[in-house]
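Contents: one structure, followed by commentary.
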Amino acid sequence: MNKKHTNHTLKKAISLTAATTVLCTGIFTPDFFSTQSVSAKNTSQKTITVTDNSSTTTTLGTNITQFIAKAVDTNTTNTTTNMTAKTTTINIQDTMPTTDTTTTKDPASTPTATKKPTSTKTPATTKKPAATKKPVAAKKPQEKKSNITKITISAAGDCTLGSDYKSPSGVNFYAKYNEKKDPSYFFNNVKSIFKKDNLTLVNFEGTLTKRNTRADKTFAFKGNPSYLKILQQGNVDAVSFANNHCRDYGEGSYNDTIAVFKKNKMPFASYGKVSVYKTKGKKIGMIAVNGLDGVSSSERFINSGIKKLKKKKADLIVVSMHAGIEKTSVINDVQKTIAHYAVKKGANLVLGHHPHTLQGIEKYKGAYIVYSLANFCFGGNTNPADKDTMIFQQTFTFKNKKLKKTKDIKIIPCKVSSSNSINNYQPTPAKGAAKKRIIAKMNRFCKPYNLKFKHNGKLR
């Protein structure tokens with residue numbers, strides 16, 4: 001009985017050990033440790049603190065076997081011992097700690113740690129090229145600037161490139177030209193001013209012809225056709241040509257002069273012939289009338305000329321009128337009538353000539369009227385008593401292709417000669433006392449029109 005009982009007990013122990021081994025190896029496999037989110041951070045058992053899954057299973061199995069063997073040795077008489085051992089085994093499994101295994105070195109068991117590349121995924125900071133793309137913000141003012149176009153027009157008075165045959169041969173225009181033998185001499189002191197503007201317009205008074213068929217009149221002027229280089233080298237861009245001297249040597253001399261303009265590509269306006277000058281993407285239309293032929297004649301040419309220029313889509317229209325009384329600052333009714341009519345029809349600027357002296361400036365319905373610009377490069381008088389003159393400048397501003405209302409005008413006081421004692425046909429900006437005097441003179445002339453210029457020539 002003892003042997004049988006012993007054998008029976010031994011068999012049960014062996015069976016229980018085998019079952020326990022199967023149970024342990026089935027539950028505590030490497031897969032178990034790799035798939036569970038448990039941790040041995042706080043356990044006191046040596047078997048769980050090991051991070052290698054295979055060695056953990058072996059050690060755990062050994063400990064359980066030793067535990068069961070000890071249980072068998074102390075309880076070999078009844079079956080409850082076996083149940084206690086099984087229950088103990090299960091309790092060991094159930095009492096495994098459940099905290100996270102964040103200390104494990106196995107990357108598979110720490111997915112949150114391996115996903116930290118999300119911290120390297122900070123293209124938001126690397127995508128700060130948006131900050132480097134600030135040229136977009138810098139371009140905005142340029143776009144605004146590109147929508148604004150400024151056109152500066154300079155206007156000067158009578159230019160007579162030649163003299164009357166009765167003038168003193170030693171000091172007349174021909175003598176000076178032969179002395180200098182340089183077309184650039186005449187506008188040398190003002191060409192830098194003209195170079196900075198967008199259009200320089202003067203009144204051409206005389207003819208460029210080789211004809212000798214002089215008209216029967218007090219003064220008749222002609223110059224050699226090559227004299228046109230004087231204007232070109234002086235940075236003059238266009239001329240008005242409708243006055244009482246454009247036919248001094250007959251109708252042929254008028255046609256000769258027009259031919260010279262055309263041949264040398266000098267824009268001109270003359271009676272029914274209008275002209276368009278293009279600059280900075282804008283078209284400046286020009287009309288020239290001779291008020292000495294009568295108001296109705298001038299109005300007819302102005303009306304038809306403006307219609308022509310509007311068809312050509314001119315952005316600005318400048319009307320030059322030859323009218324008034326010589327050697328007086330008084331503006332007569334003919335001048336006012338023609339000038340006002342031109343503005344009403346659409347002129348943006350009216351320039352007056354003929355009096356050979358300066359006269360006032362009026363602002364009428366938003367447009368400026370310069371009633372007389374006096375002489376400029378004037379070969380018609382070898383030594384005029386009044387050498388005062390000026391360059392009138394106006395800057396027109398277009399914003400989004402629309403002309404803005406401004407008062408951006410300026411006068412540049414000048415003398416028709418760089419010499420006070422004689423006319424050397426070289427207009428020169430006035431300085432010092434002469435400059436102040438001419439500005440004061442213009443302020444007197446402009447007082448009836450409530451215009452006043454500062455010491456620098458700009459409008460107050």
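If you're wondering about the labels, chains in the structure tokens are A, B, ... by order shown, residues count from 1 in each chain, ligands from 1 in order shown.
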DSSP on the backbone, then: every residue of range 144-207 of chain A marked helix (DSSP H, G or I), written as a compact mmCIF listing (two decimals) with N, CA and C atoms, in the first residue's frame.
```txt
# COMPACT_ATOMS: atom_id res chain seq x y z
N LYS A 144 1.95 99.66 -56.41
CA LYS A 144 1.32 100.96 -56.28
C LYS A 144 2.06 102.00 -57.12
N LYS A 145 3.41 101.94 -57.06
CA LYS A 145 4.21 102.88 -57.83
C LYS A 145 3.97 102.69 -59.33
N SER A 146 3.82 101.39 -59.74
CA SER A 146 3.61 101.13 -61.16
C SER A 146 2.24 101.65 -61.62
N PHE A 173 22.34 136.65 -84.93
CA PHE A 173 22.34 135.21 -84.64
C PHE A 173 23.32 134.47 -85.55
N TYR A 174 23.36 134.86 -86.80
CA TYR A 174 24.25 134.18 -87.75
C TYR A 174 25.72 134.33 -87.32
N ALA A 175 26.06 135.52 -86.86
CA ALA A 175 27.45 135.76 -86.44
C ALA A 175 27.81 134.87 -85.26
N LYS A 176 26.89 134.73 -84.32
CA LYS A 176 27.17 133.89 -83.15
C LYS A 176 27.30 132.42 -83.55
N TYR A 177 26.44 131.99 -84.47
CA TYR A 177 26.53 130.59 -84.91
C TYR A 177 27.87 130.35 -85.61
N ASN A 178 28.27 131.27 -86.47
CA ASN A 178 29.55 131.11 -87.18
C ASN A 178 30.74 131.18 -86.23
N GLU A 179 30.58 131.95 -85.16
CA GLU A 179 31.66 132.06 -84.18
C GLU A 179 31.82 130.75 -83.39
N LYS A 180 30.73 130.20 -82.95
CA LYS A 180 30.79 129.01 -82.09
C LYS A 180 30.95 127.72 -82.90
N PRO A 183 26.28 123.69 -82.52
CA PRO A 183 24.84 123.83 -82.26
C PRO A 183 24.49 123.69 -80.77
N SER A 184 25.29 122.96 -80.01
CA SER A 184 24.96 122.73 -78.59
C SER A 184 25.19 123.96 -77.72
N TYR A 185 25.89 124.97 -78.25
CA TYR A 185 26.20 126.17 -77.47
C TYR A 185 24.93 126.87 -76.97
N LYS A 191 19.93 122.78 -71.05
CA LYS A 191 19.64 121.43 -71.56
C LYS A 191 19.58 120.38 -70.46
N SER A 192 20.27 120.62 -69.36
CA SER A 192 20.20 119.66 -68.24
C SER A 192 18.82 119.68 -67.61
N ILE A 193 18.18 120.85 -67.60
CA ILE A 193 16.81 120.95 -67.09
C ILE A 193 15.86 120.20 -68.01
N PHE A 194 16.01 120.42 -69.29
CA PHE A 194 15.14 119.77 -70.27
C PHE A 194 15.35 118.25 -70.32
N LYS A 195 16.54 117.84 -70.01
CA LYS A 195 16.84 116.40 -70.04
C LYS A 195 16.06 115.64 -68.98
N LYS A 196 15.76 116.30 -67.87
CA LYS A 196 15.10 115.63 -66.74
C LYS A 196 13.59 115.52 -66.91
```
message: Using DSSP assignments from the backbone, pull out every residue in range 171-416 of chain A that falls under strand (DSSP E) and give it to me as an MDAnalysis selection string.
response: chainID A and resid 199:204 207:208 222:223 238:240 268:269 275:279 282:290 316:322 349:353 361:364 367:370 375:378 388:399 402:403 409:415
message: Restricting the calculation to only C-alpha atoms: of A:Asn189, A:Ser372, A:Thr152, A:Thr406, which residue gets closest to Ser418 in chain A?
response: A:Asn189
task: Find the residues around range 338-346 of chain A up to 9 Å (only C-alpha atoms counted), leave out those fewer than 4 positions away in its own chain, and share them as a list in words.
output: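 The neighbour list is Gly291, Val295, Ser296, Ser298, Glu299, Ile302, Asn303, Ile306, Leu316, Ile317, Val319, Met321, Ala323, Asp333, Val334, Val350, Leu351, Gly352, Tyr364, Lys365, Gly366, Ala367, Tyr368, Ile369 and Tyr371 of chain A.
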Could you write those residues out with N, CA and C atoms, as a tab-separated table (two decimals), in the first residue's frame?
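The resulting selection-v7.tsv:
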```
chain	number	residue	atom	x	y	z
A	291	GLY	N	-3.69	133.22	-82.69
A	291	GLY	CA	-4.80	134.09	-82.31
A	291	GLY	C	-4.81	135.40	-83.06
A	295	VAL	N	-10.23	135.12	-83.34
A	295	VAL	CA	-10.71	134.17	-82.34
A	295	VAL	C	-11.41	132.97	-83.00
A	296	SER	N	-12.26	133.26	-83.96
A	296	SER	CA	-13.04	132.17	-84.58
A	296	SER	C	-12.14	131.16	-85.27
A	298	SER	N	-9.03	130.45	-84.46
A	298	SER	CA	-8.36	129.68	-83.41
A	298	SER	C	-9.30	128.65	-82.80
A	299	GLU	N	-10.53	129.05	-82.54
A	299	GLU	CA	-11.49	128.12	-81.93
A	299	GLU	C	-11.80	126.95	-82.87
A	302	ILE	N	-8.88	124.60	-82.68
A	302	ILE	CA	-8.86	123.94	-81.36
A	302	ILE	C	-9.93	122.84	-81.31
A	303	ASN	N	-11.12	123.16	-81.76
A	303	ASN	CA	-12.22	122.19	-81.72
A	303	ASN	C	-11.91	120.95	-82.55
A	306	ILE	N	-8.81	118.96	-81.04
A	306	ILE	CA	-9.11	118.13	-79.86
A	306	ILE	C	-9.87	116.87	-80.25
A	316	LEU	N	-3.12	113.52	-72.52
A	316	LEU	CA	-3.01	114.94	-72.19
A	316	LEU	C	-3.12	115.76	-73.47
A	317	ILE	N	-3.67	116.96	-73.35
A	317	ILE	CA	-3.77	117.84	-74.51
A	317	ILE	C	-3.21	119.21	-74.13
A	319	VAL	N	-2.45	123.04	-75.62
A	319	VAL	CA	-2.75	123.99	-76.69
A	319	VAL	C	-1.80	125.18	-76.57
A	321	MET	N	-1.03	128.94	-78.02
A	321	MET	CA	-1.71	130.02	-78.75
A	321	MET	C	-0.77	131.21	-78.90
A	323	ALA	N	-0.92	134.92	-79.27
A	323	ALA	CA	-1.90	136.00	-79.16
A	323	ALA	C	-1.44	137.02	-78.14
A	333	ASP	N	-8.50	140.47	-74.02
A	333	ASP	CA	-9.69	139.60	-74.08
A	333	ASP	C	-9.53	138.46	-75.09
A	334	VAL	N	-8.79	138.72	-76.16
A	334	VAL	CA	-8.59	137.66	-77.17
A	334	VAL	C	-7.85	136.47	-76.54
A	350	VAL	N	-2.61	125.33	-71.33
A	350	VAL	CA	-2.57	126.31	-72.43
A	350	VAL	C	-1.31	127.16	-72.25
A	351	LEU	N	-0.55	127.27	-73.34
A	351	LEU	CA	0.71	128.02	-73.33
A	351	LEU	C	0.61	129.19	-74.30
A	352	GLY	N	0.92	130.40	-73.80
A	352	GLY	CA	0.80	131.60	-74.64
A	352	GLY	C	2.14	132.16	-75.08
A	364	TYR	N	-7.82	127.88	-64.53
A	364	TYR	CA	-9.20	127.98	-64.99
A	364	TYR	C	-9.79	126.58	-65.16
A	365	LYS	N	-10.83	126.29	-64.37
A	365	LYS	CA	-11.50	124.98	-64.43
A	365	LYS	C	-10.52	123.82	-64.28
A	366	GLY	N	-9.55	124.03	-63.41
A	366	GLY	CA	-8.59	122.95	-63.11
A	366	GLY	C	-7.38	122.92	-64.01
A	367	ALA	N	-7.35	123.72	-65.06
A	367	ALA	CA	-6.21	123.74	-66.00
A	367	ALA	C	-5.48	125.07	-65.88
A	368	TYR	N	-4.16	125.01	-66.06
A	368	TYR	CA	-3.34	126.23	-65.98
A	368	TYR	C	-3.19	126.85	-67.37
A	369	ILE	N	-3.27	128.18	-67.37
A	369	ILE	CA	-3.07	128.97	-68.59
A	369	ILE	C	-1.88	129.89	-68.35
A	371	TYR	N	-0.13	132.77	-69.89
A	371	TYR	CA	-0.52	133.69	-70.96
A	371	TYR	C	0.64	134.14	-71.84
```
message: When you look at range 222-238 of chain A with a cut-off of 6 Å (counting only C-alpha atoms), what residues show up, excluding the ones that are within fewer than 5 positions of it in the same chain? I need them as a list in words.
response: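 Everything that qualifies: Leu161, Gly162, Pro183, Ser184, Phe187, Lys191, Phe194, Lys195, Leu199, Thr200, Leu201, Gly206, Thr207, Leu208, Thr209, Met266, Pro267 and Phe268 of chain A.
Relative to CA of Asn290 in chain A, CA of Gly324 in chain A is found at 10.3 Å.
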query: Quick one: residues within 7 Å of Pro413 in chain A, only C-alpha atoms counted, chain neighbours fewer than 3 positions away excluded, as a PyMOL selection string?
result: chain A and resi 389-391+429-430+435+438-439
Those selected residues, please, written with C-alpha atoms and delivered as a PDB file, in the first residue's frame.
```
ATOM      1  CA  THR A 389      12.052 134.894 -69.175  1.00  0.00           C
ATOM      2  CA  MET A 390      11.283 131.570 -67.555  1.00  0.00           C
ATOM      3  CA  ILE A 391      10.746 127.863 -68.004  1.00  0.00           C
ATOM      4  CA  PRO A 429      18.742 130.185 -65.360  1.00  0.00           C
ATOM      5  CA  ALA A 430      18.712 133.319 -63.216  1.00  0.00           C
ATOM      6  CA  LYS A 435      15.942 135.086 -59.622  1.00  0.00           C
ATOM      7  CA  ILE A 438      11.648 137.533 -61.596  1.00  0.00           C
ATOM      8  CA  ILE A 439       9.679 135.474 -59.058  1.00  0.00           C
TER       9      ILE A 439
END
```
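Interatomic distance, CA of Asp248 in chain A to CA of Arg300 in chain A: 23.8 Å.
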- request: Compile the contact shell of Leu451 in chain A as a PyMOL selection string: residues with an atom at most 9 Å away, counting only C-alpha atoms, same-chain residues fewer than 2 positions apart removed.
  value: chain A and resi 361-363+443+446-449+453+459-460
Kindly export the residues of the current selection with N, CA and C atoms, as a PDB file, in the first residue's frame.
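File part.pdb, as written:
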```
ATOM      1  N   ILE A 361      -0.251 133.910 -64.860  1.00  0.00           N
ATOM      2  CA  ILE A 361      -0.728 132.525 -65.011  1.00  0.00           C
ATOM      3  C   ILE A 361      -2.077 132.421 -64.298  1.00  0.00           C
ATOM      4  N   GLU A 362      -3.020 131.801 -64.970  1.00  0.00           N
ATOM      5  CA  GLU A 362      -4.361 131.623 -64.407  1.00  0.00           C
ATOM      6  C   GLU A 362      -4.690 130.135 -64.307  1.00  0.00           C
ATOM      7  N   LYS A 363      -5.394 129.794 -63.221  1.00  0.00           N
ATOM      8  CA  LYS A 363      -5.941 128.432 -63.127  1.00  0.00           C
ATOM      9  C   LYS A 363      -7.426 128.531 -63.432  1.00  0.00           C
ATOM     10  N   ASN A 443       4.764 136.937 -59.323  1.00  0.00           N
ATOM     11  CA  ASN A 443       3.752 136.979 -58.267  1.00  0.00           C
ATOM     12  C   ASN A 443       2.831 138.196 -58.423  1.00  0.00           C
ATOM     13  N   CYS A 446       0.492 137.343 -61.258  1.00  0.00           N
ATOM     14  CA  CYS A 446      -0.444 136.251 -60.936  1.00  0.00           C
ATOM     15  C   CYS A 446      -1.409 136.596 -59.806  1.00  0.00           C
ATOM     16  N   LYS A 447      -1.197 137.729 -59.175  1.00  0.00           N
ATOM     17  CA  LYS A 447      -2.032 138.108 -58.041  1.00  0.00           C
ATOM     18  C   LYS A 447      -3.521 138.171 -58.393  1.00  0.00           C
ATOM     19  N   PRO A 448      -3.902 138.690 -59.551  1.00  0.00           N
ATOM     20  CA  PRO A 448      -5.344 138.704 -59.895  1.00  0.00           C
ATOM     21  C   PRO A 448      -5.951 137.300 -59.976  1.00  0.00           C
ATOM     22  N   TYR A 449      -5.098 136.286 -60.119  1.00  0.00           N
ATOM     23  CA  TYR A 449      -5.591 134.911 -60.253  1.00  0.00           C
ATOM     24  C   TYR A 449      -5.335 134.085 -58.976  1.00  0.00           C
ATOM     25  N   PHE A 453       4.032 132.157 -56.049  1.00  0.00           N
ATOM     26  CA  PHE A 453       5.151 131.218 -56.096  1.00  0.00           C
ATOM     27  C   PHE A 453       6.123 131.478 -54.948  1.00  0.00           C
ATOM     28  N   LEU A 459       4.740 126.513 -56.651  1.00  0.00           N
ATOM     29  CA  LEU A 459       3.498 127.154 -56.276  1.00  0.00           C
ATOM     30  C   LEU A 459       3.214 126.954 -54.797  1.00  0.00           C
ATOM     31  N   ARG A 460       2.794 128.025 -54.134  1.00  0.00           N
ATOM     32  CA  ARG A 460       2.427 127.916 -52.710  1.00  0.00           C
ATOM     33  C   ARG A 460       1.150 127.111 -52.538  1.00  0.00           C
TER      34      ARG A 460
END
```
Find the spatial neighbours of range 376-380 of chain A, counting only C-alpha atoms, within a cut-off of 8 Å - ignore same-chain residues fewer than 2 positions away - and output them as a compact mmCIF listing (two decimals) with N, CA and C atoms, in the first residue's frame.
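Printed below is part_15.txt as written:
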```txt
# COMPACT_ATOMS: atom_id res chain seq x y z
N ALA A 156 8.87 126.55 -72.85
CA ALA A 156 9.65 127.79 -72.96
C ALA A 156 9.10 128.63 -74.11
N GLY A 157 9.56 129.88 -74.18
CA GLY A 157 8.98 130.87 -75.10
C GLY A 157 9.49 130.82 -76.52
N ASP A 158 9.53 132.00 -77.12
CA ASP A 158 9.84 132.13 -78.55
C ASP A 158 11.29 131.77 -78.84
N CYS A 159 11.45 130.85 -79.79
CA CYS A 159 12.78 130.48 -80.28
C CYS A 159 12.86 130.87 -81.76
N THR A 160 13.71 131.85 -82.02
CA THR A 160 13.93 132.32 -83.39
C THR A 160 15.38 132.04 -83.75
N LEU A 161 15.58 131.01 -84.58
CA LEU A 161 16.93 130.57 -84.94
C LEU A 161 17.33 131.27 -86.25
N GLY A 162 17.66 132.54 -86.12
CA GLY A 162 18.01 133.36 -87.29
C GLY A 162 17.75 134.81 -86.93
N SER A 163 18.00 135.68 -87.88
CA SER A 163 17.82 137.12 -87.64
C SER A 163 17.23 137.78 -88.88
N ASP A 164 16.79 139.00 -88.69
CA ASP A 164 16.34 139.78 -89.83
C ASP A 164 17.56 140.28 -90.59
N ASN A 172 24.54 139.58 -84.79
CA ASN A 172 23.26 138.88 -84.93
C ASN A 172 23.43 137.36 -84.74
N PHE A 173 22.34 136.65 -84.93
CA PHE A 173 22.34 135.21 -84.64
C PHE A 173 23.32 134.47 -85.55
N PHE A 186 23.93 126.99 -77.81
CA PHE A 186 22.79 127.86 -77.54
C PHE A 186 21.95 127.41 -76.33
N PHE A 187 21.73 126.11 -76.19
CA PHE A 187 20.92 125.60 -75.06
C PHE A 187 21.79 124.95 -73.98
N PHE A 221 12.21 136.50 -90.39
CA PHE A 221 13.29 135.66 -89.85
C PHE A 221 13.40 134.35 -90.62
N ALA A 374 7.21 134.75 -72.94
CA ALA A 374 8.24 135.70 -73.38
C ALA A 374 9.20 135.09 -74.40
N THR A 382 18.98 141.74 -81.12
CA THR A 382 20.37 141.57 -80.68
C THR A 382 20.61 142.02 -79.25
N THR A 389 12.86 135.98 -68.62
CA THR A 389 12.05 134.89 -69.18
C THR A 389 11.95 133.80 -68.12
N MET A 390 11.40 132.68 -68.51
CA MET A 390 11.28 131.57 -67.55
C MET A 390 10.99 130.27 -68.29
N LYS A 415 17.17 134.13 -67.92
CA LYS A 415 17.49 135.29 -68.75
C LYS A 415 17.70 134.77 -70.18
N VAL A 416 17.33 135.58 -71.17
CA VAL A 416 17.48 135.13 -72.56
C VAL A 416 18.94 135.06 -72.98
N TYR A 425 22.25 134.91 -77.18
CA TYR A 425 21.35 133.84 -77.63
C TYR A 425 21.54 132.54 -76.84
N GLN A 426 21.92 132.69 -75.59
CA GLN A 426 22.16 131.53 -74.73
C GLN A 426 21.32 131.67 -73.45
N PRO A 427 20.06 131.25 -73.48
CA PRO A 427 19.21 131.37 -72.29
C PRO A 427 19.84 130.66 -71.09
```
